[in-house]
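Asker: Following this message is one structure expressed as C-alpha coordinates.
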Amino acid sequence: ELQQRYNLKIPVLQTMKNELYRCFIQNKSVFCSELKYKGRMIHVKKRTITLNCDMGESFGIWQMGHDEIVMPWIDMANIACGFHASDPHVMSRTIDYAIQHDVQIGAHPGYPDLQGFGRRSMSFSEEEICELIIYQVGALKALCESKNTEISYVKPHGALYHDMMSKPDVFRAVVDAVSCFNVPLMILASGNNQSYLDMADRYDVPLLFEAFADRTYLANGKLTPRDRPNAVLKTEESILSQVKQIAQYGKVTGSDGVVVAIEADTLCVHGDNEEAIRLISKIRAQLEAEQTRFQTEHFVRDQGHRPYLFHPNKLGQ
(Lines give C-alpha, C1' and ligand atoms only; values in the text may rest on other atoms or scores of the structure.)
Protein backbone atom coordinates (compact mmCIF):
# COMPACT_ATOMS: atom_id res chain seq x y z
CA GLU A 1 0.00 0.00 0.00
CA LEU A 2 2.80 2.42 0.89
CA GLN A 3 4.71 1.51 -2.25
CA GLN A 4 1.71 2.30 -4.44
CA ARG A 5 0.65 5.42 -2.57
CA TYR A 6 4.06 7.06 -2.21
CA ASN A 7 5.97 5.32 -5.03
CA LEU A 8 8.63 4.20 -2.57
CA LYS A 9 11.62 2.10 -3.55
CA ILE A 10 12.00 -1.36 -2.02
CA PRO A 11 15.02 -0.49 0.24
CA VAL A 12 13.00 2.39 1.72
CA LEU A 13 10.07 0.07 2.43
CA GLN A 14 12.39 -2.50 4.05
CA THR A 15 13.83 0.14 6.34
CA MET A 16 10.39 1.52 7.21
CA LYS A 17 9.03 -1.95 7.93
CA ASN A 18 11.88 -2.69 10.32
CA GLU A 19 11.52 0.70 12.01
CA LEU A 20 7.80 0.27 12.60
CA TYR A 21 8.14 -3.34 13.76
CA ARG A 22 10.89 -2.45 16.21
CA CYS A 23 8.72 0.34 17.64
CA PHE A 24 5.93 -2.18 18.09
CA ILE A 25 7.90 -4.98 19.76
CA GLN A 26 9.87 -2.63 22.01
CA ASN A 27 6.78 -0.64 22.98
CA LYS A 28 9.07 2.36 23.45
CA SER A 29 7.32 4.93 21.24
CA VAL A 30 7.62 8.47 22.58
CA PHE A 31 5.76 10.77 20.21
CA CYS A 32 4.61 10.98 16.61
CA SER A 33 7.22 11.91 14.01
CA GLU A 34 7.00 12.49 10.29
CA LEU A 35 9.04 11.00 7.49
CA LYS A 36 9.37 13.29 4.49
CA TYR A 37 9.72 11.68 1.08
CA LYS A 38 9.27 13.55 -2.21
CA GLY A 39 7.31 16.30 -0.48
CA ARG A 40 4.90 13.90 1.25
CA MET A 41 4.72 13.29 4.99
CA ILE A 42 4.51 9.73 6.29
CA HIS A 43 3.79 9.33 9.99
CA VAL A 44 6.04 6.99 11.99
CA LYS A 45 7.22 6.77 15.61
CA LYS A 46 10.39 7.92 17.30
CA ARG A 47 11.67 5.29 19.73
CA THR A 48 14.13 5.35 22.59
CA ILE A 49 17.39 3.42 22.67
CA THR A 50 16.94 0.41 24.91
CA LEU A 51 19.58 -1.22 27.08
CA ASN A 52 20.42 -4.92 26.72
CA CYS A 53 22.84 -7.21 28.52
CA ASP A 54 24.12 -10.79 28.13
CA MET A 55 22.72 -12.74 31.07
CA GLY A 56 22.38 -16.25 32.49
CA GLU A 57 25.98 -17.19 31.67
CA SER A 58 26.77 -19.04 34.89
CA PHE A 59 27.19 -22.82 34.81
CA GLY A 60 26.48 -25.10 37.75
CA ILE A 61 28.33 -23.74 40.80
CA TRP A 62 30.48 -21.46 38.60
CA GLN A 63 29.19 -17.90 38.68
CA MET A 64 29.46 -15.46 35.78
CA GLY A 65 28.19 -11.88 35.80
CA HIS A 66 25.87 -10.08 38.21
CA ASP A 67 22.40 -10.87 36.90
CA GLU A 68 20.46 -9.88 40.02
CA ILE A 69 22.18 -6.50 40.21
CA VAL A 70 21.93 -5.71 36.50
CA MET A 71 18.40 -6.89 35.67
CA PRO A 72 16.51 -3.92 37.24
CA TRP A 73 18.42 -1.47 35.02
CA ILE A 74 17.99 -3.05 31.58
CA ASP A 75 15.18 -3.47 29.04
CA MET A 76 16.31 -6.66 27.30
CA ALA A 77 18.06 -9.76 28.69
CA ASN A 78 20.06 -11.92 26.27
CA ILE A 79 19.90 -15.30 28.01
CA ALA A 80 22.53 -17.94 27.20
CA CYS A 81 21.05 -21.23 26.01
CA GLY A 82 23.51 -23.89 27.14
CA PHE A 83 26.08 -24.24 24.35
CA HIS A 84 28.60 -21.53 25.29
CA ALA A 85 27.37 -21.08 28.87
CA SER A 86 24.41 -21.70 31.20
CA ASP A 87 22.40 -24.79 32.07
CA PRO A 88 18.66 -25.46 32.50
CA HIS A 89 18.57 -24.23 36.10
CA VAL A 90 20.50 -21.03 35.36
CA MET A 91 18.29 -20.36 32.33
CA SER A 92 15.15 -20.88 34.40
CA ARG A 93 16.39 -18.64 37.22
CA THR A 94 17.34 -15.87 34.78
CA ILE A 95 13.88 -16.03 33.21
CA ASP A 96 12.43 -15.52 36.69
CA TYR A 97 14.59 -12.40 37.19
CA ALA A 98 13.44 -11.02 33.84
CA ILE A 99 9.77 -11.60 34.67
CA GLN A 100 10.21 -9.98 38.07
CA HIS A 101 11.61 -6.78 36.52
CA ASP A 102 9.46 -6.75 33.37
CA VAL A 103 12.45 -7.23 31.07
CA GLN A 104 12.13 -8.61 27.54
CA ILE A 105 13.70 -12.04 27.09
CA GLY A 106 15.99 -12.78 24.17
CA ALA A 107 17.67 -16.06 23.23
CA HIS A 108 21.46 -15.87 23.14
CA PRO A 109 22.68 -18.96 21.26
CA GLY A 110 26.33 -19.65 20.49
CA TYR A 111 28.72 -22.25 19.16
CA PRO A 112 29.00 -25.45 21.25
CA ASP A 113 32.14 -24.28 23.04
CA LEU A 114 31.88 -24.22 26.83
CA GLN A 115 35.66 -24.23 27.32
CA GLY A 116 36.15 -21.23 25.05
CA PHE A 117 32.97 -19.42 26.18
CA GLY A 118 31.75 -19.42 22.59
CA ARG A 119 34.42 -16.93 21.53
CA ARG A 120 36.22 -19.28 19.12
CA SER A 121 34.99 -19.60 15.56
CA MET A 122 33.94 -23.11 14.52
CA SER A 123 33.33 -24.64 11.11
CA PHE A 124 29.77 -25.81 10.44
CA SER A 125 27.60 -26.12 7.36
CA GLU A 126 24.64 -23.77 6.95
CA GLU A 127 22.30 -26.62 7.83
CA GLU A 128 24.23 -27.39 11.02
CA ILE A 129 24.27 -23.74 12.11
CA CYS A 130 20.55 -23.49 11.51
CA GLU A 131 19.93 -26.65 13.56
CA LEU A 132 22.13 -25.67 16.53
CA ILE A 133 20.36 -22.30 16.77
CA ILE A 134 16.88 -23.86 16.57
CA TYR A 135 17.94 -26.38 19.24
CA GLN A 136 19.09 -23.68 21.68
CA VAL A 137 16.32 -21.15 21.06
CA GLY A 138 13.77 -23.95 21.29
CA ALA A 139 15.06 -24.88 24.74
CA LEU A 140 14.75 -21.33 26.06
CA LYS A 141 11.36 -20.94 24.40
CA ALA A 142 10.07 -24.06 26.17
CA LEU A 143 11.31 -22.83 29.54
CA CYS A 144 9.67 -19.45 28.94
CA GLU A 145 6.36 -21.08 28.04
CA SER A 146 6.51 -23.13 31.23
CA LYS A 147 6.46 -19.78 33.08
CA ASN A 148 3.74 -18.22 30.88
CA THR A 149 6.10 -15.86 29.09
CA GLU A 150 7.88 -15.82 25.72
CA ILE A 151 11.07 -14.93 23.90
CA SER A 152 11.02 -11.55 22.12
CA TYR A 153 14.12 -11.74 19.90
CA VAL A 154 17.32 -13.68 19.17
CA LYS A 155 20.89 -12.39 19.49
CA PRO A 156 23.78 -14.78 18.66
CA HIS A 157 26.77 -14.85 20.97
CA GLY A 158 30.48 -14.30 20.55
CA ALA A 159 32.15 -15.93 17.55
CA LEU A 160 28.80 -16.90 16.05
CA TYR A 161 27.76 -13.22 16.20
CA HIS A 162 30.97 -12.07 14.50
CA ASP A 163 30.82 -14.83 11.86
CA MET A 164 27.21 -13.85 11.16
CA MET A 165 28.27 -10.26 10.51
CA SER A 166 31.24 -11.15 8.29
CA LYS A 167 30.10 -14.27 6.39
CA PRO A 168 26.95 -14.15 4.23
CA ASP A 169 26.40 -17.92 4.43
CA VAL A 170 26.43 -17.84 8.25
CA PHE A 171 24.07 -14.85 8.31
CA ARG A 172 21.71 -16.68 5.95
CA ALA A 173 21.73 -19.76 8.22
CA VAL A 174 21.05 -17.63 11.31
CA VAL A 175 18.17 -15.77 9.65
CA ASP A 176 16.72 -19.07 8.41
CA ALA A 177 16.74 -20.44 11.98
CA VAL A 178 15.26 -17.27 13.53
CA SER A 179 12.44 -17.25 10.97
CA CYS A 180 11.06 -20.37 12.68
CA PHE A 181 10.25 -18.37 15.83
CA ASN A 182 8.60 -15.26 14.35
CA VAL A 183 10.80 -12.86 16.33
CA PRO A 184 13.43 -10.25 15.33
CA LEU A 185 17.14 -10.91 15.02
CA MET A 186 19.55 -8.54 16.79
CA ILE A 187 22.69 -7.65 14.82
CA LEU A 188 25.48 -5.08 14.91
CA ALA A 189 24.52 -1.59 13.70
CA SER A 190 26.83 -0.31 10.98
CA GLY A 191 27.04 2.43 8.41
CA ASN A 192 25.59 0.14 5.72
CA ASN A 193 22.87 -2.27 6.80
CA GLN A 194 21.26 -2.79 3.39
CA SER A 195 22.73 -6.21 2.58
CA TYR A 196 21.50 -7.53 5.94
CA LEU A 197 18.05 -6.01 5.38
CA ASP A 198 17.86 -7.61 1.95
CA MET A 199 18.67 -11.08 3.26
CA ALA A 200 16.42 -10.80 6.33
CA ASP A 201 13.55 -9.56 4.18
CA ARG A 202 13.65 -12.78 2.12
CA TYR A 203 12.89 -14.71 5.30
CA ASP A 204 10.53 -12.04 6.69
CA VAL A 205 12.72 -11.53 9.77
CA PRO A 206 12.82 -7.99 11.26
CA LEU A 207 16.23 -6.77 12.41
CA LEU A 208 17.17 -4.97 15.60
CA PHE A 209 20.41 -2.97 15.37
CA GLU A 210 22.66 -2.70 18.41
CA ALA A 211 25.70 -0.72 19.45
CA PHE A 212 28.05 -1.41 22.34
CA ALA A 213 28.70 0.76 25.37
CA ASP A 214 31.92 -0.98 26.39
CA ARG A 215 33.56 -2.18 23.15
CA THR A 216 35.83 -0.25 20.80
CA TYR A 217 35.21 -0.06 17.07
CA LEU A 218 37.32 -0.33 13.92
CA ALA A 219 37.16 2.19 11.08
CA ASN A 220 34.83 -0.15 9.13
CA GLY A 221 32.24 -0.08 11.92
CA LYS A 222 33.01 -3.60 13.17
CA LEU A 223 33.96 -4.36 16.76
CA THR A 224 37.65 -4.55 17.62
CA PRO A 225 38.47 -8.28 18.05
CA ARG A 226 38.92 -9.24 21.68
CA ASP A 227 42.43 -10.57 21.04
CA ARG A 228 43.61 -7.05 20.16
CA PRO A 229 44.70 -4.45 22.73
CA ASN A 230 42.04 -2.03 24.00
CA ALA A 231 39.13 -4.05 22.57
CA VAL A 232 37.11 -3.39 25.74
CA LEU A 233 36.54 0.03 27.33
CA LYS A 234 37.27 -0.16 31.04
CA THR A 235 37.11 3.39 32.40
CA GLU A 236 34.03 5.37 33.44
CA GLU A 237 34.96 8.32 31.24
CA SER A 238 35.43 6.27 28.07
CA ILE A 239 32.25 4.19 28.50
CA LEU A 240 29.99 7.15 29.31
CA SER A 241 31.53 9.20 26.51
CA GLN A 242 30.76 6.46 23.98
CA VAL A 243 27.20 6.09 25.29
CA LYS A 244 26.63 9.83 24.87
CA GLN A 245 28.10 9.82 21.36
CA ILE A 246 25.86 6.94 20.26
CA ALA A 247 22.69 8.29 21.87
CA GLN A 248 23.12 11.95 20.96
CA TYR A 249 24.90 11.85 17.61
CA GLY A 250 24.40 8.32 16.23
CA LYS A 251 28.16 7.88 15.87
CA VAL A 252 31.16 6.17 17.44
CA THR A 253 34.84 7.05 17.23
CA GLY A 254 36.92 4.13 16.03
CA SER A 255 40.18 3.06 17.65
CA ASP A 256 42.08 4.87 14.87
CA GLY A 257 40.14 8.10 15.39
CA VAL A 258 37.76 7.65 12.45
CA VAL A 259 34.15 8.63 13.27
CA VAL A 260 31.64 5.97 12.15
CA ALA A 261 27.92 6.68 11.74
CA ILE A 262 25.57 4.06 13.21
CA GLU A 263 21.82 3.99 13.87
CA ALA A 264 21.21 1.84 16.96
CA ASP A 265 17.94 0.59 18.43
CA THR A 266 19.58 -0.84 21.52
CA LEU A 267 22.81 -0.50 23.49
CA CYS A 268 24.64 -3.53 24.90
CA VAL A 269 26.66 -3.75 28.11
CA HIS A 270 28.53 -6.94 28.90
CA GLY A 271 27.88 -8.87 32.09
CA ASP A 272 31.56 -9.81 32.39
CA ASN A 273 32.86 -6.21 32.27
CA GLU A 274 33.08 -5.16 35.91
CA GLU A 275 33.43 -1.45 35.13
CA ALA A 276 30.42 -1.40 32.79
CA ILE A 277 28.30 -3.21 35.38
CA ARG A 278 29.38 -0.73 38.06
CA LEU A 279 28.24 2.07 35.75
CA ILE A 280 24.95 0.49 34.65
CA SER A 281 22.82 3.00 36.58
CA LYS A 282 24.77 5.92 35.09
CA ILE A 283 24.42 4.48 31.58
CA ARG A 284 20.67 4.18 32.11
CA ALA A 285 20.47 7.75 33.44
CA GLN A 286 22.44 9.07 30.46
CA LEU A 287 20.15 7.35 27.94
CA GLU A 288 17.06 8.72 29.69
CA ALA A 289 18.56 12.22 29.88
CA GLU A 290 19.35 12.14 26.16
CA GLN A 291 15.79 11.07 25.32
CA THR A 292 14.42 13.93 27.44
CA ARG A 293 16.77 16.37 25.72
CA PHE A 294 15.70 15.10 22.30
CA GLN A 295 12.00 15.47 23.09
CA THR A 296 12.41 18.96 24.57
CA GLU A 297 14.62 20.18 21.72
CA HIS A 298 12.19 19.09 19.01
CA PHE A 299 9.11 20.25 20.91
CA VAL A 300 10.54 23.76 21.23
CA ARG A 301 11.94 23.87 17.70
CA ASP A 302 8.97 22.38 15.88
CA GLN A 303 6.10 23.27 18.24
CA GLY A 304 5.26 19.67 18.87
CA HIS A 305 6.50 16.75 16.84
CA ARG A 306 8.25 17.05 13.50
CA PRO A 307 11.72 15.51 13.92
CA TYR A 308 12.87 13.41 10.96
CA LEU A 309 13.51 9.76 11.72
CA PHE A 310 15.47 9.45 8.46
CA HIS A 311 17.40 12.04 6.50
CA PRO A 312 15.22 12.87 3.43
CA ASN A 313 18.20 13.07 1.07
CA LYS A 314 19.20 9.48 1.83
CA LEU A 315 15.83 7.81 1.44
CA GLY A 316 16.25 6.98 -2.23
CA GLN A 317 19.66 5.34 -1.80
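Starting from 1 in every chain, residues are counted up; chains themselves are A, B, ... following the order of the C-alpha coordinates, and ligands are numbered from 1 as listed.
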For Met186 (chain A), list every protein, DNA or RNA residue within 10 Å, evaluated using only C-alpha atoms, and leave out those in the same chain fewer than 6 positions away; present the list as a ChimeraX atom specification.
Answerer: /A:106,108,153-156,161,206-210,265-266
Asker: Report as a count of residues only all protein, DNA and RNA residues lying within 9 Å of Val243 (chain A), evaluated on only C-alpha atoms, omitting residues in the same chain fewer than 2 positions from it.
Answerer: 16
Asker: With only C-alpha atoms as the counted atoms, please give the residues lying no more than 7 Å from Gly110 (chain A), apart from itself and same-chain residues fewer than 2 positions off, as a PyMOL selection string.
Answerer: chain A and resi 83-84+108+112+118+156-158+160
Asker: Let's have the selection written as a PDB file, in the first residue's frame, with N, CA, C and O atoms.
Answerer:
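File produced: again.pdb:
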```
ATOM      1  N   PHE A  83      24.960 -23.765  25.176  1.00  0.00           N
ATOM      2  CA  PHE A  83      26.078 -24.237  24.354  1.00  0.00           C
ATOM      3  C   PHE A  83      27.392 -23.541  24.698  1.00  0.00           C
ATOM      4  O   PHE A  83      28.431 -24.190  24.753  1.00  0.00           O
ATOM      5  N   HIS A  84      27.369 -22.218  24.900  1.00  0.00           N
ATOM      6  CA  HIS A  84      28.600 -21.526  25.290  1.00  0.00           C
ATOM      7  C   HIS A  84      28.644 -21.272  26.789  1.00  0.00           C
ATOM      8  O   HIS A  84      29.719 -21.037  27.358  1.00  0.00           O
ATOM      9  N   HIS A 108      20.071 -16.215  23.415  1.00  0.00           N
ATOM     10  CA  HIS A 108      21.462 -15.865  23.140  1.00  0.00           C
ATOM     11  C   HIS A 108      22.255 -17.126  22.798  1.00  0.00           C
ATOM     12  O   HIS A 108      23.091 -17.583  23.582  1.00  0.00           O
ATOM     13  N   PRO A 112      28.848 -24.495  20.140  1.00  0.00           N
ATOM     14  CA  PRO A 112      28.998 -25.451  21.253  1.00  0.00           C
ATOM     15  C   PRO A 112      30.437 -25.455  21.757  1.00  0.00           C
ATOM     16  O   PRO A 112      31.254 -26.308  21.400  1.00  0.00           O
ATOM     17  N   GLY A 118      32.371 -19.767  23.858  1.00  0.00           N
ATOM     18  CA  GLY A 118      31.752 -19.416  22.590  1.00  0.00           C
ATOM     19  C   GLY A 118      32.453 -18.325  21.815  1.00  0.00           C
ATOM     20  O   GLY A 118      31.886 -17.767  20.872  1.00  0.00           O
ATOM     21  N   PRO A 156      22.669 -13.811  18.556  1.00  0.00           N
ATOM     22  CA  PRO A 156      23.775 -14.776  18.661  1.00  0.00           C
ATOM     23  C   PRO A 156      24.899 -14.254  19.548  1.00  0.00           C
ATOM     24  O   PRO A 156      25.045 -13.043  19.754  1.00  0.00           O
ATOM     25  N   HIS A 157      25.710 -15.178  20.018  1.00  0.00           N
ATOM     26  CA  HIS A 157      26.774 -14.850  20.970  1.00  0.00           C
ATOM     27  C   HIS A 157      28.157 -14.983  20.341  1.00  0.00           C
ATOM     28  O   HIS A 157      28.402 -15.844  19.501  1.00  0.00           O
ATOM     29  N   GLY A 158      29.053 -14.131  20.787  1.00  0.00           N
ATOM     30  CA  GLY A 158      30.482 -14.303  20.549  1.00  0.00           C
ATOM     31  C   GLY A 158      30.896 -14.526  19.112  1.00  0.00           C
ATOM     32  O   GLY A 158      30.593 -13.742  18.209  1.00  0.00           O
ATOM     33  N   LEU A 160      29.926 -16.714  16.967  1.00  0.00           N
ATOM     34  CA  LEU A 160      28.802 -16.897  16.048  1.00  0.00           C
ATOM     35  C   LEU A 160      28.265 -15.541  15.605  1.00  0.00           C
ATOM     36  O   LEU A 160      27.911 -15.354  14.431  1.00  0.00           O
TER      37      LEU A 160
END
```
Asker: Identify which of the residues A:Lys244, A:Ala159, A:Gly254, A:Tyr196 lies closest to Asn220 (chain A), counting only C-alpha atoms when measuring atom-to-atom distances.
Answerer: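 Residue with the minimum atom-to-atom distance to Asn220 (chain A): A:Gly254.
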Asker: To test your reading of the structure, identify every residue in region 74-203 of chain A that backbone DSSP assigns to helix (DSSP H, G or I), and report it as a PyMOL selection string.
Answerer: chain A and resi 88-100+126-146+158-166+168-181+194-202
Asker: Where in region 62-173 of chain A does DSSP assign strand (DSSP E or B), given as a PyMOL selection string?
Answerer: chain A and resi 62+76-80+104-108+153-154
Asker: Write out as a count of residues only the residues lying within 9 Å of Tyr97 (chain A), counting only C-alpha atoms and excluding same-chain residues fewer than 3 positions away.
Answerer: 11
Asker: Please indicate the distance in Å from CA of Glu150 (chain A) to CA of Gln104 (chain A), rounded to one decimal place.
Answerer: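 Straight-line distance from CA of Glu150 (chain A) to CA of Gln104 (chain A) works out to 8.6 Å.
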Asker: Can you tell me how far CA of Cys130 (chain A) sits from CA of Phe181 (chain A), in Å to one decimal?
Answerer: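 The value is 12.3 Å.
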Asker: Could you list, as number ranges by chain, every residue within 8 Å of region 190-192 of chain A, counting only C-alpha atoms and ignoring same-chain residues fewer than 5 positions away?
Answerer: A: 221-222, 260-263
Asker: Pick out the closest residue to Ile280 (chain A) from this set: A:Arg120, A:His66, A:Arg202, A:Lys251. Count only C-alpha atoms.
Answerer: A:His66
